file query26.csv (CSV, C-alpha atoms and all ligand atoms)
chain,number,residue,atom,x,y,z
A,7,LEU,CA,-148.8,-26.7,-209.3
A,8,GLU,CA,-146.4,-29.5,-210.1
A,9,SER,CA,-149.1,-32.1,-210.6
A,10,LEU,CA,-152.9,-32.0,-211.1
A,11,THR,CA,-154.7,-34.6,-209.0
A,12,ILE,CA,-157.8,-35.7,-210.8
A,13,GLY,CA,-160.5,-38.0,-209.3
A,14,LEU,CA,-162.0,-40.3,-211.8
A,15,ILE,CA,-165.5,-41.7,-211.1
A,16,PRO,CA,-166.6,-43.8,-214.1
A,17,ALA,CA,-169.6,-45.3,-212.2
A,18,ASP,CA,-171.8,-47.4,-214.6
A,19,GLY,CA,-172.5,-48.4,-218.1
A,20,ILE,CA,-170.7,-46.4,-220.8
A,21,GLY,CA,-169.2,-44.2,-218.1
A,22,ARG,CA,-166.6,-46.9,-217.8
A,23,GLU,CA,-165.9,-46.8,-221.5
A,24,VAL,CA,-165.6,-43.0,-221.9
A,25,ILE,CA,-163.7,-42.0,-218.8
A,26,PRO,CA,-160.5,-43.7,-220.1
A,27,ALA,CA,-160.8,-41.4,-223.1
A,28,ALA,CA,-160.4,-38.3,-221.0
A,29,ARG,CA,-157.6,-39.9,-219.1
A,30,HIS,CA,-155.6,-40.6,-222.2
A,31,ALA,CA,-156.4,-37.2,-223.7
A,32,LEU,CA,-155.2,-35.4,-220.5
A,33,GLU,CA,-152.0,-37.5,-220.5
A,34,ALA,CA,-151.3,-36.5,-224.1
A,35,LEU,CA,-151.2,-32.8,-223.2
A,36,GLY,CA,-147.7,-33.1,-221.8
A,37,SER,CA,-146.3,-29.8,-220.4
A,38,ASP,CA,-149.5,-27.8,-221.3
A,39,ILE,CA,-150.8,-28.8,-217.9
A,40,PRO,CA,-149.2,-29.9,-214.6
A,41,LYS,CA,-148.6,-33.6,-214.7
A,42,PRO,CA,-151.9,-35.3,-214.2
A,43,GLU,CA,-152.2,-37.9,-211.3
A,44,PHE,CA,-155.3,-39.9,-211.4
A,45,ILE,CA,-157.2,-41.5,-208.5
A,46,ASP,CA,-159.8,-44.1,-209.4
A,47,LEU,CA,-162.9,-43.7,-207.2
A,48,LEU,CA,-166.0,-45.9,-206.7
A,49,ALA,CA,-169.6,-45.0,-207.0
A,50,GLY,CA,-172.7,-46.1,-208.9
A,51,PHE,CA,-175.6,-48.4,-209.0
A,52,GLU,CA,-173.6,-51.5,-209.8
A,53,TYR,CA,-171.4,-50.7,-206.7
A,54,PHE,CA,-174.6,-50.3,-204.7
A,55,THR,CA,-175.8,-53.7,-205.7
A,56,ARG,CA,-172.5,-55.2,-204.4
A,57,THR,CA,-172.1,-53.2,-201.3
A,58,GLY,CA,-175.4,-51.5,-200.3
A,59,THR,CA,-174.0,-48.0,-200.8
A,60,ALA,CA,-174.0,-45.9,-204.0
A,61,LEU,CA,-171.5,-43.3,-202.9
A,62,PRO,CA,-168.9,-44.5,-200.4
A,63,GLU,CA,-167.8,-41.9,-197.8
A,64,GLU,CA,-164.2,-42.5,-198.9
A,65,THR,CA,-165.0,-41.3,-202.4
A,66,VAL,CA,-166.3,-38.0,-201.1
A,67,GLN,CA,-163.4,-37.6,-198.7
A,68,ILE,CA,-160.7,-38.2,-201.3
A,69,LEU,CA,-162.4,-35.8,-203.6
A,70,ARG,CA,-162.5,-33.2,-200.8
A,71,GLN,CA,-159.0,-33.8,-199.4
A,72,ASP,CA,-156.8,-35.0,-202.3
A,73,CYS,CA,-158.2,-33.9,-205.6
A,74,ASP,CA,-157.8,-30.7,-207.5
A,75,CYS,CA,-160.8,-31.6,-209.7
A,76,ALA,CA,-162.7,-34.6,-210.9
A,77,LEU,CA,-164.4,-36.3,-213.9
A,78,PHE,CA,-167.6,-38.3,-213.5
A,79,GLY,CA,-168.9,-40.8,-216.1
A,80,SER,CA,-172.5,-41.8,-215.8
A,81,VAL,CA,-174.7,-43.7,-213.4
A,82,SER,CA,-177.5,-46.2,-214.0
A,83,SER,CA,-180.3,-45.1,-211.7
A,84,PRO,CA,-183.2,-47.4,-211.9
A,85,SER,CA,-186.7,-46.0,-212.7
A,86,ARG,CA,-188.3,-47.8,-209.7
A,87,LYS,CA,-187.7,-47.1,-206.1
A,88,VAL,CA,-184.9,-49.2,-204.7
A,89,VAL,CA,-184.7,-49.1,-200.9
A,90,GLY,CA,-181.5,-47.5,-199.7
A,91,TYR,CA,-180.4,-46.3,-203.1
A,92,SER,CA,-180.0,-42.6,-204.1
A,93,SER,CA,-178.2,-41.3,-207.2
A,94,PRO,CA,-174.6,-40.6,-206.4
A,95,ILE,CA,-174.2,-37.8,-209.0
A,96,VAL,CA,-177.2,-35.9,-207.5
A,97,ALA,CA,-175.6,-36.4,-204.1
A,98,LEU,CA,-172.1,-35.3,-205.2
A,99,ARG,CA,-173.4,-32.1,-206.7
A,100,LYS,CA,-175.0,-31.3,-203.3
A,101,GLU,CA,-172.2,-32.6,-201.1
A,102,LEU,CA,-169.5,-30.6,-202.9
A,103,ASP,CA,-171.8,-27.6,-203.5
A,104,LEU,CA,-171.4,-27.7,-207.2
A,105,TYR,CA,-174.2,-25.3,-207.8
A,106,ALA,CA,-173.9,-24.7,-211.5
A,107,ASN,CA,-174.0,-27.1,-214.3
A,108,ILE,CA,-172.6,-25.5,-217.5
A,109,ARG,CA,-173.6,-27.3,-220.7
A,110,PRO,CA,-172.3,-25.8,-224.0
A,111,VAL,CA,-174.1,-27.1,-227.1
A,112,PHE,CA,-172.8,-26.0,-230.5
A,113,SER,CA,-172.5,-27.4,-234.0
A,114,VAL,CA,-169.1,-27.7,-235.5
A,115,ALA,CA,-169.3,-25.8,-238.8
A,116,PRO,CA,-168.2,-27.8,-241.8
A,117,ASN,CA,-165.6,-25.2,-242.7
A,118,PRO,CA,-163.3,-23.6,-240.0
A,119,GLY,CA,-164.2,-20.0,-239.4
A,120,GLU,CA,-167.8,-20.4,-240.6
A,121,GLN,CA,-170.6,-19.5,-238.2
A,122,PRO,CA,-172.1,-22.6,-236.5
A,123,ASN,CA,-176.0,-22.6,-236.5
A,124,VAL,CA,-176.2,-23.7,-232.9
A,125,ASP,CA,-174.0,-22.0,-230.3
A,126,LEU,CA,-175.6,-21.9,-226.9
A,127,VAL,CA,-174.9,-22.7,-223.3
A,128,VAL,CA,-177.4,-24.1,-220.9
A,129,VAL,CA,-176.7,-22.9,-217.4
A,130,ARG,CA,-178.6,-25.3,-215.1
A,131,GLU,CA,-179.1,-24.8,-211.4
A,132,ASN,CA,-177.6,-28.0,-209.9
A,133,THR,CA,-178.7,-28.4,-206.3
A,134,GLU,CA,-182.5,-27.9,-205.9
A,135,CYS,CA,-185.8,-27.7,-207.7
A,136,LEU,CA,-187.4,-31.2,-207.8
A,137,TYR,CA,-184.0,-32.7,-207.3
A,138,VAL,CA,-184.3,-32.2,-203.6
A,139,LYS,CA,-186.2,-35.5,-203.9
A,140,ASP,CA,-188.6,-34.9,-201.1
A,141,GLU,CA,-191.3,-37.2,-202.3
A,142,ASN,CA,-194.1,-39.0,-200.5
A,143,LEU,CA,-196.9,-41.3,-201.2
A,144,SER,CA,-200.2,-41.4,-199.3
A,145,GLU,CA,-203.6,-43.0,-199.6
A,146,GLY,CA,-206.3,-40.5,-200.7
A,147,PRO,CA,-210.0,-40.9,-201.1
A,148,HIS,CA,-209.6,-42.0,-204.7
A,149,GLY,CA,-206.4,-44.1,-204.4
A,150,LYS,CA,-202.8,-43.2,-204.1
A,151,GLU,CA,-201.5,-39.7,-204.0
A,152,ALA,CA,-197.9,-38.8,-204.7
A,153,ARG,CA,-196.4,-35.5,-203.8
A,154,ALA,CA,-193.0,-33.9,-204.3
A,155,THR,CA,-191.5,-30.7,-203.0
A,156,ARG,CA,-190.0,-28.3,-205.5
A,157,LEU,CA,-187.5,-26.0,-203.7
A,158,ILE,CA,-186.4,-22.7,-205.3
A,159,THR,CA,-184.3,-20.5,-203.0
A,160,GLU,CA,-183.2,-16.9,-203.5
A,161,ARG,CA,-179.6,-17.9,-202.7
A,162,ALA,CA,-179.3,-20.6,-205.4
A,163,SER,CA,-181.2,-18.5,-207.9
A,164,ARG,CA,-178.8,-15.6,-207.3
A,165,ARG,CA,-175.7,-17.8,-207.6
A,166,ILE,CA,-176.9,-19.4,-210.8
A,167,GLY,CA,-177.9,-16.0,-212.1
A,168,GLN,CA,-174.5,-14.5,-211.4
A,169,THR,CA,-172.8,-17.5,-213.1
A,170,ALA,CA,-175.1,-17.0,-216.2
A,171,PHE,CA,-174.6,-13.2,-216.4
A,172,GLU,CA,-170.8,-13.7,-216.0
A,173,LEU,CA,-170.8,-16.3,-218.8
A,174,ALA,CA,-173.0,-14.1,-221.1
A,175,LEU,CA,-170.7,-11.2,-220.5
A,176,ASN,CA,-167.7,-13.2,-221.8
A,177,ARG,CA,-169.4,-14.4,-224.9
A,178,PRO,CA,-169.5,-12.3,-228.2
A,179,ARG,CA,-173.3,-12.0,-228.3
A,180,LYS,CA,-173.7,-11.1,-224.6
A,181,HIS,CA,-177.2,-12.5,-224.5
A,182,LEU,CA,-179.1,-14.2,-221.7
A,183,THR,CA,-182.5,-16.0,-221.8
A,184,ILE,CA,-184.2,-16.8,-218.5
A,185,ILE,CA,-186.2,-20.0,-218.7
A,186,HIS,CA,-189.2,-20.4,-216.4
A,187,LYS,CA,-192.9,-21.2,-216.2
A,188,SER,CA,-193.9,-18.3,-214.0
A,189,ASN,CA,-197.3,-18.0,-215.7
A,190,VAL,CA,-198.3,-21.1,-213.8
A,191,LEU,CA,-195.7,-21.5,-211.0
A,192,SER,CA,-195.8,-17.8,-210.0
A,193,ILE,CA,-194.3,-18.4,-206.6
A,194,THR,CA,-191.4,-20.9,-207.3
A,195,ASP,CA,-190.5,-20.0,-210.9
A,196,GLY,CA,-191.5,-16.4,-210.0
A,197,LEU,CA,-188.8,-16.3,-207.4
A,198,PHE,CA,-186.3,-17.8,-209.8
A,199,ARG,CA,-187.2,-15.3,-212.6
A,200,GLU,CA,-187.2,-12.2,-210.3
A,201,THR,CA,-184.0,-13.2,-208.6
A,202,VAL,CA,-182.1,-13.8,-211.8
A,203,ARG,CA,-183.5,-10.5,-213.3
A,204,GLY,CA,-182.2,-8.7,-210.2
A,205,VAL,CA,-178.6,-9.8,-210.5
A,206,PRO,CA,-177.4,-6.7,-212.5
A,207,GLY,CA,-178.9,-4.5,-209.8
A,208,LEU,CA,-177.0,-6.2,-206.9
A,209,PRO,CA,-174.4,-3.9,-205.2
A,210,ASP,CA,-171.5,-6.2,-206.1
A,211,SER,CA,-172.5,-6.2,-209.8
A,212,ASN,CA,-171.3,-2.6,-210.2
A,213,GLY,CA,-173.0,-2.1,-213.5
A,214,LYS,CA,-170.8,-4.7,-215.2
A,215,TYR,CA,-173.8,-6.6,-216.6
A,216,ASP,CA,-175.4,-3.6,-218.2
A,217,HIS,CA,-174.2,-4.8,-221.6
A,218,VAL,CA,-175.9,-8.2,-221.3
A,219,ALA,CA,-179.2,-8.3,-223.2
A,220,VAL,CA,-181.8,-10.1,-221.1
A,221,MET,CA,-184.7,-11.9,-222.6
A,222,GLU,CA,-187.0,-14.5,-221.0
A,223,GLN,CA,-189.0,-17.4,-222.4
A,224,LEU,CA,-191.5,-19.9,-220.9
A,225,VAL,CA,-189.9,-23.3,-220.9
A,226,ASP,CA,-192.4,-25.0,-223.3
A,227,SER,CA,-192.2,-22.4,-226.0
A,228,ALA,CA,-188.4,-22.2,-225.4
A,229,VAL,CA,-188.2,-25.9,-226.6
A,230,TYR,CA,-190.4,-25.0,-229.6
A,231,ARG,CA,-188.2,-22.0,-230.4
A,232,LEU,CA,-185.0,-24.1,-229.8
A,233,PHE,CA,-186.1,-26.4,-232.6
A,234,ARG,CA,-187.4,-23.7,-234.9
A,235,GLU,CA,-184.7,-21.1,-234.6
A,236,PRO,CA,-181.9,-22.3,-232.3
A,237,GLN,CA,-179.6,-19.4,-233.5
A,238,VAL,CA,-181.5,-16.9,-231.3
A,239,PHE,CA,-180.2,-18.5,-228.1
A,240,ASP,CA,-176.9,-17.7,-226.5
A,241,VAL,CA,-176.8,-18.3,-222.7
A,242,MET,CA,-180.0,-20.0,-221.3
A,243,VAL,CA,-180.3,-20.1,-217.5
A,244,ALA,CA,-182.9,-22.5,-216.0
A,245,PRO,CA,-184.0,-24.2,-212.8
A,246,ASN,CA,-182.6,-27.8,-212.4
A,247,LEU,CA,-185.2,-29.9,-214.2
A,248,TYR,CA,-185.9,-27.5,-217.1
A,249,GLY,CA,-182.1,-27.2,-217.7
A,250,ASP,CA,-181.8,-31.0,-217.7
A,251,ILE,CA,-184.5,-31.4,-220.4
A,252,LEU,CA,-183.4,-28.4,-222.5
A,253,SER,CA,-179.9,-29.5,-222.8
A,254,ASP,CA,-180.8,-33.0,-224.1
A,255,ALA,CA,-183.2,-31.4,-226.5
A,256,ALA,CA,-180.4,-29.0,-227.7
A,257,ALA,CA,-178.1,-32.1,-228.1
A,258,ALA,CA,-180.5,-33.5,-230.7
A,259,LEU,CA,-179.9,-30.4,-232.9
A,260,VAL,CA,-176.1,-31.0,-233.1
A,261,GLY,CA,-176.1,-34.7,-233.9
A,262,SER,CA,-175.7,-36.6,-230.6
A,263,LEU,CA,-175.9,-36.6,-226.9
A,264,GLY,CA,-172.5,-38.2,-227.1
A,265,LEU,CA,-171.0,-34.8,-228.0
A,266,ILE,CA,-172.3,-32.7,-225.2
A,267,PRO,CA,-170.0,-32.0,-222.3
A,268,SER,CA,-170.6,-30.3,-218.9
A,269,VAL,CA,-168.9,-29.1,-215.8
A,270,ASN,CA,-170.5,-29.1,-212.3
A,271,GLN,CA,-168.9,-26.2,-210.6
A,272,GLY,CA,-168.9,-24.5,-207.3
A,273,ASP,CA,-166.8,-21.8,-205.7
A,274,ASP,CA,-163.9,-24.2,-205.0
A,275,PHE,CA,-164.3,-27.4,-207.0
A,276,VAL,CA,-165.0,-28.5,-210.5
A,277,MET,CA,-166.2,-31.8,-211.8
A,278,GLY,CA,-166.4,-32.5,-215.5
A,279,GLU,CA,-169.1,-34.8,-216.7
A,280,PRO,CA,-170.6,-35.8,-220.1
A,281,VAL,CA,-174.3,-34.8,-220.2
A,282,HIS,CA,-175.4,-38.3,-221.3
A,283,GLY,CA,-176.4,-41.2,-219.0
A,284,SER,CA,-175.1,-44.8,-218.8
A,285,ALA,CA,-176.7,-45.7,-222.2
A,286,PRO,CA,-177.7,-49.3,-221.3
A,287,ASP,CA,-178.7,-49.8,-225.0
A,288,ILE,CA,-175.1,-49.6,-226.2
A,289,ALA,CA,-173.1,-50.3,-223.0
A,290,GLY,CA,-170.5,-53.0,-223.3
A,291,LYS,CA,-170.4,-52.9,-227.1
A,292,GLY,CA,-167.4,-50.5,-227.3
A,293,ILE,CA,-169.2,-48.0,-229.5
A,294,ALA,CA,-170.0,-45.2,-227.0
A,295,ASN,CA,-169.0,-41.8,-228.3
A,296,PRO,CA,-166.1,-40.6,-226.1
A,297,LEU,CA,-166.0,-37.0,-227.4
A,298,ALA,CA,-168.4,-35.5,-224.8
A,299,THR,CA,-166.1,-36.8,-222.1
A,300,ILE,CA,-163.0,-35.4,-223.7
A,301,ARG,CA,-164.7,-32.1,-224.1
A,302,SER,CA,-165.7,-32.3,-220.4
A,303,ALA,CA,-162.1,-32.6,-219.5
A,304,ALA,CA,-161.4,-29.5,-221.6
A,305,LEU,CA,-164.1,-27.6,-219.8
A,306,MET,CA,-162.6,-28.7,-216.5
A,307,LEU,CA,-159.2,-27.5,-217.6
A,308,ARG,CA,-160.6,-24.1,-218.7
A,309,GLN,CA,-162.3,-23.6,-215.4
A,310,LEU,CA,-158.9,-24.2,-213.7
A,311,GLY,CA,-157.2,-21.7,-216.0
A,312,TYR,CA,-155.4,-24.2,-218.3
A,313,ASP,CA,-156.6,-22.7,-221.5
A,314,THR,CA,-153.8,-23.9,-223.7
A,315,GLY,CA,-154.5,-27.5,-222.8
A,316,ALA,CA,-158.3,-27.0,-223.1
A,317,ASN,CA,-157.9,-25.5,-226.5
A,318,ARG,CA,-155.8,-28.4,-227.7
A,319,LEU,CA,-158.4,-30.9,-226.6
A,320,ASP,CA,-161.3,-28.9,-228.2
A,321,LYS,CA,-159.4,-28.4,-231.4
A,322,ALA,CA,-158.6,-32.1,-231.7
A,323,VAL,CA,-162.2,-33.1,-231.1
A,324,ASN,CA,-163.6,-30.5,-233.6
A,325,GLN,CA,-161.1,-31.7,-236.2
A,326,VAL,CA,-162.2,-35.3,-235.8
A,327,ILE,CA,-165.9,-34.2,-236.2
A,328,ARG,CA,-165.2,-32.0,-239.1
A,329,GLU,CA,-163.2,-34.6,-241.0
A,330,GLY,CA,-166.1,-37.1,-240.4
A,331,GLN,CA,-164.0,-40.2,-241.1
A,332,ILE,CA,-163.6,-41.8,-237.7
A,333,LEU,CA,-166.9,-41.5,-235.9
A,334,THR,CA,-169.0,-43.7,-233.7
A,335,PRO,CA,-172.5,-45.0,-234.8
A,336,ASP,CA,-174.5,-42.2,-233.0
A,337,LEU,CA,-172.9,-39.8,-235.6
A,338,GLY,CA,-173.5,-42.2,-238.5
A,339,GLY,CA,-170.0,-43.7,-238.4
A,340,THR,CA,-168.8,-47.3,-238.0
A,341,SER,CA,-165.9,-46.7,-235.7
A,342,LYS,CA,-165.4,-48.0,-232.2
A,343,THR,CA,-164.8,-45.9,-229.1
A,344,GLN,CA,-161.1,-46.9,-229.0
A,345,GLU,CA,-160.6,-45.8,-232.7
A,346,VAL,CA,-162.1,-42.4,-232.0
A,347,ILE,CA,-159.9,-42.0,-228.9
A,348,ASP,CA,-156.8,-43.0,-231.0
A,349,GLU,CA,-157.8,-40.4,-233.7
A,350,VAL,CA,-158.2,-37.7,-231.1
A,351,LEU,CA,-154.8,-38.6,-229.5
A,352,LYS,CA,-153.2,-38.3,-233.0
A,353,LYS,CA,-154.6,-34.8,-233.5
A,354,ILE,CA,-153.5,-33.7,-230.0
B,1,LIG,P1,-178.8,-41.8,-221.9
B,1,LIG,O1,-178.2,-40.5,-222.0
B,1,LIG,O2,-178.1,-42.9,-221.2
B,1,LIG,O3,-179.1,-42.4,-223.4
B,1,LIG,C1,-180.0,-41.8,-224.3
B,1,LIG,C2,-179.7,-42.2,-225.7
B,1,LIG,O4,-178.5,-41.6,-226.2
B,1,LIG,C3,-179.4,-43.7,-225.9
B,1,LIG,O5,-180.0,-44.1,-227.1
B,1,LIG,C4,-177.9,-43.8,-225.8
B,1,LIG,O6,-177.5,-44.9,-226.5
B,1,LIG,C5,-177.5,-42.5,-226.5
B,1,LIG,N1,-176.2,-42.1,-226.0
B,1,LIG,C6,-176.0,-41.5,-224.8
B,1,LIG,N2,-174.7,-41.2,-224.7
B,1,LIG,C7,-174.1,-41.7,-225.8
B,1,LIG,C8,-172.7,-41.8,-226.2
B,1,LIG,N3,-171.7,-41.3,-225.5
B,1,LIG,N4,-172.4,-42.3,-227.4
B,1,LIG,C9,-173.4,-42.8,-228.2
B,1,LIG,N5,-174.7,-42.8,-227.8
B,1,LIG,C10,-175.0,-42.2,-226.7
B,1,LIG,O7,-180.3,-41.6,-221.3
B,1,LIG,P2,-181.3,-42.7,-220.8
B,1,LIG,O8,-181.3,-43.9,-221.7
B,1,LIG,O9,-182.6,-42.0,-220.6
B,1,LIG,O10,-180.8,-43.2,-219.3
B,1,LIG,C11,-180.0,-44.4,-219.1
B,1,LIG,C12,-179.5,-44.4,-217.7
B,1,LIG,O11,-178.6,-43.3,-217.5
B,1,LIG,C13,-180.6,-44.2,-216.6
B,1,LIG,O12,-180.4,-45.2,-215.6
B,1,LIG,C14,-180.5,-42.8,-216.1
B,1,LIG,O13,-180.8,-42.7,-214.8
B,1,LIG,C15,-179.0,-42.6,-216.3
B,1,LIG,N6,-178.6,-41.2,-216.4
B,1,LIG,C16,-177.5,-40.8,-215.7
B,1,LIG,C17,-177.0,-39.5,-215.9
B,1,LIG,C18,-175.8,-39.1,-215.1
B,1,LIG,O14,-175.0,-39.9,-214.8
B,1,LIG,N7,-175.6,-37.8,-214.8
B,1,LIG,C19,-177.6,-38.7,-216.8
B,1,LIG,C20,-178.7,-39.1,-217.5
B,1,LIG,C21,-179.2,-40.4,-217.3
B,2,K,K,-173.3,-38.2,-217.0
B,3,MN,MN,-180.0,-35.5,-218.1

call {"tool": "encode", "arguments": {"input": "query26.csv", "output": "structure tokens"}}
result
Amino acid sequence: LESLTIGLIPADGIGREVIPAARHALEALGSDIPKPEFIDLLAGFEYFTRTGTALPEETVQILRQDCDCALFGSVSSPSRKVVGYSSPIVALRKELDLYANIRPVFSVAPNPGEQPNVDLVVVRENTECLYVKDENLSEGPHGKEARATRLITERASRRIGQTAFELALNRPRKHLTIIHKSNVLSITDGLFRETVRGVPGLPDSNGKYDHVAVMEQLVDSAVYRLFREPQVFDVMVAPNLYGDILSDAAAALVGSLGLIPSVNQGDDFVMGEPVHGSAPDIAGKGIANPLATIRSAALMLRQLGYDTGANRLDKAVNQVIREGQILTPDLGGTSKTQEVIDEVLKKI
């Protein structure tokens, strides 16, 4: 490739403040990656309030036809029902079939070479579970009744299971924990659990996952365990909603949600995205932590095979964290987003 075409979808709130960080960081990599060409793309709740659509068809089309990969910021989805609105990120994950959301959470050890006390990856199923958003409201004998469909399919569970086993196989500890609640939801979570457990026995697995140690844990006690002894976890695979919650919980263990990156990945497209939302409490103040987004760009590069570039981004971010001088307020610092970006660029 001569150039790498990257769709940028900042969307709402601090998404707009952190996406430029990734852009500058990618530009700073020079010849470590093909020359990045950026295409700015529209989506989000603010865009919806102006136009009546949250995810324009053009954005999806350009992503499909012109982009090698993409970076998404964050969207401000309201907590009440807004007629005609549907979250563009949930829609994009489905439209582009980005079935796996990979969320590494690790602490940066104070001294290089030292073992971090948290070093795990949440592998979140990204297309179904309660996020199919099939909800309805009816009038029952004792007032309103709300129902939602929770979809778990064998196909999606197998795909996410394969992604998780593959990831575990390539990590030093080769350890996988299946997160579920099959003691209560024996049909839905039961299917997820059994299908993931069955991955090593699939014909195309050819015994390659025999070296992965498989454990399982009910989602509630998994959260407890995460806070008591996070070091026991390596790769955690979970249905959509549990994965969403677990990764925010794990983020608290390493200092801030503003540090946690992710990639939404499918068989032929990858979209980096910080795990955090639009953070209305700090949006517009210029103090959002840009490191999760720079790390998301690194994950995206790694997924595309540009390890040298990815390593340089990660190294620069880790160095800034380790030095502890130029940090945003979420990490106890007093620096602005732009100062942290400049510091990372210096290290790159
Ligand atoms: P949030 O992740 O936006 O914020 C949670 C807390 O973490 C806030 O105190 C915020 O200030 C802090 N925080 C998050 N990112 C930070 C960063 N980079 N630097 C410093 N501090 C940071 O979660 P929320 O408040 O529950 O949700 C706000 C909005 O974001 C909602 O409308 C929600 O729908 C949306 N959301 C979107 C996504 C997404 O785009 N994928 C994900 C989660 C939430
Ligand atoms: K986000
Ligand atoms: Mn979330």

call {"tool": "residues_around", "arguments": {"input": "query26.csv", "residues": "Ile158 (chain A)", "least_positions_apart": "2", "cutoff": "10 Å", "atoms": "only C-alpha atoms", "output": "list in words"}}
result
Glu131, Thr133, Glu134, Cys135, Leu136, Val138, Thr155, Arg156, Glu160, Arg161, Ala162, Ser163, Ile193, Thr194, Asp195, Gly196, Leu197, Phe198, Pro245 and Asn246 of chain A

call {"tool": "residues_near_point", "arguments": {"input": "query26.csv", "point": "(-152.2, -35.4, -230.7)", "cutoff": "12 Å", "atoms": "all atoms listed in the file", "output": "VMD selection string"}}
result
chain A and resid 30 to 36 315 318 to 323 325 to 326 347 to 354

call {"tool": "residues_near_ligand", "arguments": {"input": "query26.csv", "ligand": "ligand LIG 1 (chain B)", "cutoff": "9 Å", "atoms": "only C-alpha atoms and all ligand atoms", "output": "count of residues only"}}
result
51

call {"tool": "residues_around", "arguments": {"input": "query26.csv", "residues": "Gly13 (chain A)", "least_positions_apart": "4", "cutoff": "9 Å", "atoms": "only C-alpha atoms", "output": "JSON list (two decimals) with C-alpha atoms, in the coordinates of the input"}}
result
[["chain", "number", "residue", "atom", "x", "y", "z"],
["A", 43, "GLU", "CA", -152.20, -37.90, -211.30],
["A", 44, "PHE", "CA", -155.30, -39.90, -211.40],
["A", 45, "ILE", "CA", -157.20, -41.50, -208.50],
["A", 46, "ASP", "CA", -159.80, -44.10, -209.40],
["A", 47, "LEU", "CA", -162.90, -43.70, -207.20],
["A", 65, "THR", "CA", -165.00, -41.30, -202.40],
["A", 68, "ILE", "CA", -160.70, -38.20, -201.30],
["A", 69, "LEU", "CA", -162.40, -35.80, -203.60],
["A", 72, "ASP", "CA", -156.80, -35.00, -202.30],
["A", 73, "CYS", "CA", -158.20, -33.90, -205.60],
["A", 74, "ASP", "CA", -157.80, -30.70, -207.50],
["A", 75, "CYS", "CA", -160.80, -31.60, -209.70],
["A", 76, "ALA", "CA", -162.70, -34.60, -210.90],
["A", 77, "LEU", "CA", -164.40, -36.30, -213.90],
["A", 78, "PHE", "CA", -167.60, -38.30, -213.50],
["A", 277, "MET", "CA", -166.20, -31.80, -211.80]]

call {"tool": "atom_distance", "arguments": {"input": "query26.csv", "atom1": "CA of Ala244 (chain A)", "atom2": "CA of Ala316 (chain A)"}}
result
26.0 Å

call {"tool": "closest_residue", "arguments": {"input": "query26.csv", "among": "A:Ile332, A:Leu232, A:Ile327, A:Ala256", "to": "ligand MN 3 (chain B)", "atoms": "all atoms listed in the file"}}
result
A:Ala256

call {"tool": "axis_aligned_box", "arguments": {"input": "query26.csv", "around": "region 85-89 of chain A", "padding_each_side": "4 Å", "output": "AutoDock Vina command-line options"}}
result
--center_x -186.5 --center_y -47.6 --center_z -206.8 --size_x 11.6 --size_y 11.2 --size_z 19.8

call {"tool": "closest_residue", "arguments": {"input": "query26.csv", "among": "A:Lys342, A:Arg109, A:Lys100, A:Arg86", "to": "Leu305 (chain A)", "atoms": "all atoms listed in the file"}}
result
A:Arg109

call {"tool": "closest_residue", "arguments": {"input": "query26.csv", "among": "A:Gly338, A:Arg130, A:His148, A:Lys139", "to": "ligand MN 3 (chain B)", "atoms": "only C-alpha atoms and all ligand atoms"}}
result
A:Arg130

call {"tool": "closest_residue", "arguments": {"input": "query26.csv", "among": "A:Val129, A:Ala303, A:Val241, A:Leu247", "to": "ligand MN 3 (chain B)", "atoms": "only C-alpha atoms and all ligand atoms"}}
result
A:Leu247

call {"tool": "closest_residue", "arguments": {"input": "query26.csv", "among": "A:Lys187, A:Asn317, A:Asn324, A:Asn107", "to": "ligand MN 3 (chain B)", "atoms": "only C-alpha atoms and all ligand atoms"}}
result
A:Asn107

call {"tool": "closest_residue", "arguments": {"input": "query26.csv", "among": "A:Glu120, A:Tyr230, A:Gln344, A:Thr11", "to": "Gln71 (chain A)", "atoms": "only C-alpha atoms"}}
result
A:Thr11

call {"tool": "atom_distance", "arguments": {"input": "query26.csv", "atom1": "CA of Gly272 (chain A)", "atom2": "CA of Gln309 (chain A)"}}
result
10.5 Å

call {"tool": "atom_distance", "arguments": {"input": "query26.csv", "atom1": "CA of Ile184 (chain A)", "atom2": "CA of Glu222 (chain A)"}}
result
4.4 Å
